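Read through the structure below, which is laid out as structure tokens, and then see the notes.
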Amino acid sequence: MKDRIFIGASVSFLISIPWLFFSYLGYKITQLPVIPFELFEALLFISPGAVITTLLELMIQTLHTLNIGPTSAVGKSVEIMVAYLLGLTSLILLGILYAVTLDRVKLSWAIKGLVAGFTLSFLFTPIINLWELVMLTEVPKVLWVISINLIWGISLSWGIEKSLSALNQQNSHGRNRILATIGITSLSVSILALGLDRVIHRGIIGNSSAKSSNIELQEQPIPQSEPPASGAKPIQGIRPEITPIDEFYRVDINLLPPGQEDFSRNNDEFTERLLAQGGEIDLPTDSYVLIIDGLVESPLALDLATIKTYPFFEQYATLSCVSNPIGGDLIGTTLFQGVRLKDILSKAGIQSGVEKIKITGVDGYSESLPIQIANDPTTLLCYSMGNQPLTKNHGAPIRLYTPGKYGMKSLKWIIKIEAIDHDYQGYWQQQGWSDDAEVKTTSVIDTIQTNQDGDSKLGGIAYAGARGIKSVELKVNDKEWIPAELLKHLSPMTWVLWIAELEIPSGESKVTVRAIDGDGNMQTEKSAAPHPDGASGYHSLTIKQQG
């Protein structure tokens with residue numbers, strides 16, 4: 001039995017490496033779901049909220065402490081590695097199961113391999129919706145999945161058959177030779193898949209298909225805006241006042257952003273429902289559609305071009321993740337551009353008795369806003385960030401910006417807005433996070449620059465959501481609080497950059513910062529973890545000054 005388990009695990013491990021490569025290659029070529037990623041996300045949806053929260057906070061705090069790169073980018077890489085390990089582990093377990101069960105069946109290894117491959121496809125069907133792909137006439141994608149699974153099953157069967165045969169003949173060298181052959185072949189195939197991926201990435205293959213499979217997100221030019229002058233200049237080491245879009249944090253429940261197929265599938269479902277009700281619709285099947293229904297006088301189906309006919313609004317604002325630790329980098333400032341949510345709701349006609357607006361993304365993520373916040377003129381449906389078309393990573397075609405709330409209330413990839421007369425708890429609320437999600441006042445020391453005389457220049461940020469920042473203060477050790485100079489901020493909804501000069505004594509000193517929000521409320525000194533409603537506490541840095 002031990003030998004069977006070892007051989008099943010070894011052969012499955014070796015042949016599953018190229019299987020993982022070609023699974024991802026299918027995504028690159030045809031936007032096919034990456035099976036390990038889909039498996040990882042499916043487990044997230046069914047896992048207890050306490051488990052998800054604990055793992056999320058542990059990962060973010062560890063990355064923040066190690067400071068090995070942008071937390072959101074490194075975090076996504078960690079999640080991707082975990083997904084691949086999860087997929088690899090699942091395949092190894094299936095290989096072991098084959099070695100101790102199916103291998104004993106008196107059939108040829110080729111027949112047993114086909115059975116293993118079809119079984120693998122059947123097991124993954126609920127995760128990647130193979131039947132749904134068939135109904136949507138996505139036959140090439142189905143054939144791709146079944147083909148790589150059949151190759152996996154046949155390779156597994158052959159490898160286990162030959163290895164066990166050599167072992168039964170007490171030929172350990174023969175078994176090792178077979179495993180080495182499988183390993184070399186696996187490495188060669190993986191290199192081939194990696195090479196194809198590089199070719200596709202460079203656009204040599206599939207340019208025309210890639211172009212036709214993308215939603216035309218920007219039919220009209222976006223008005224360009226220049227940031228207002230901000231007065232005094234920040235010192236070196238402070239994060240930029242406006243966060244570059246490619247550095248803007250990304251935290252969501254997806255390893256990869258949703259693709260065109262996800263939106264098209266949603267459009268097809270809505271079209272069928274509308275036609276069944278006797279309605280008419282004249283939208284291309286590959287067009288993005290935003291649905292507004294529920295307790296409204298006139299349900300709407302708006303494509304992106306129609307959304308852009310509504311009055312254009314833009315505002316500089318800061319967005320922070322509720323999971324951001326004190327002093328963390330899951331926060332950024334940019335120009336949010338689009339239309340007011342209240343204008344869309346007004347067009348639909350909100351009925352009396354509506355309590356909340358439920359909003360759903362194409363990835364299944366959902367949230368709700370009180371009707372008062374939904375009608376706030378600064379709550380935007382955005383199709384652009386920072387004078388640039390909204391990217392897939394940040395929610396294209398449409399995302400939400402909600403003033404004064406943590407990022408979990410600013411949904412991405414929105415497909416449906418629904419007026420409801422009852423409370424609704426969204427994805428993260430069901431995991432135990434705050435429904436109010438009001439941003440807590442925070443302040444951060446980004447840099448301390450000290451000269452030989454002990455004089456130090458400091459700089460950082462302070463943020464309190466839509467309340468704004470009234471003042472920032474610093475102290476060295478247990479001395480008096482000293483006010484910092486606030487730089488002119490971009491808008492009342494952005495963070496404020498501050499600078500200060502302090503005299504720091506020789507030896508080791510602790511420098512602490514705090515802020516007072518625009519309502520006159522002092523930032524709380526009480527330390528709290530991000531869960532359930534955002535981190536709190538003072539940010540401090542320790543500096544050693546030469547005597």
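Following the order of the structure tokens, first chain is A, next is B, and so on, with residues numbered from 1 inside each chain and ligands from 1 in the order they appear.
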Problem - Who sits within 10 Å of Ile60 of chain A, only C-alpha atoms, same chain under 5 positions skipped, as a ChimeraX atom specification - result: /A:55,65-66,71-72,74-75,323-325,328,330
Problem - strand (DSSP E) call set, DSSP backbone run, segment 273-437 of chain A, as a ChimeraX atom specification - result: /A:290-294,300-302,313-320,331-340,356-361,366-370,380-385,388-389,399-401,414-420
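Proximity to Ile469 of chain A at 6 Å, evaluated using only C-alpha atoms and with sequence-adjacent residues fewer than 2 positions away removed, yields Ser471, Asp517 and Gly518 of chain A.
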Problem - Among listed residues A:Leu295, A:Val439, A:Ile499, A:Ile326, nearest Tyr538 of chain A (using only C-alpha atoms) - result: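 Distance minimum relative to Tyr538 of chain A lands on A:Ile326.
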Handout entry: Selected residue of minimal separation from Asn254 of chain A among A:Gln449, A:Ser384, A:Ser77, A:Ser320, counting only C-alpha atoms
Key =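 Using only C-alpha atoms, Asn254 of chain A sits closest to A:Ser77.
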Exercise for the section: Just list the residues in segment 299-405 of chain A DSSP gives helix (DSSP H, G or I) on the backbone, as a ChimeraX atom specification. Expected result: /A:304-307,341-348,371-374,392-394
Handout entry: Point-to-point distance from atom CA of Leu43 of chain A to atom CA of Trp433 of chain A, Å rounded to tenths
Key =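 Atom CA of Leu43 of chain A sits 18.8 Å away from atom CA of Trp433 of chain A.
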Practice task
May I ask which of the residues A:Glu503, A:Asp423, A:Asp343, A:Asp478 is the closest one to Leu369 of chain A, counting only C-alpha atoms?
Solution key: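 So, comparing all the options, the nearest one is A:Asp423.
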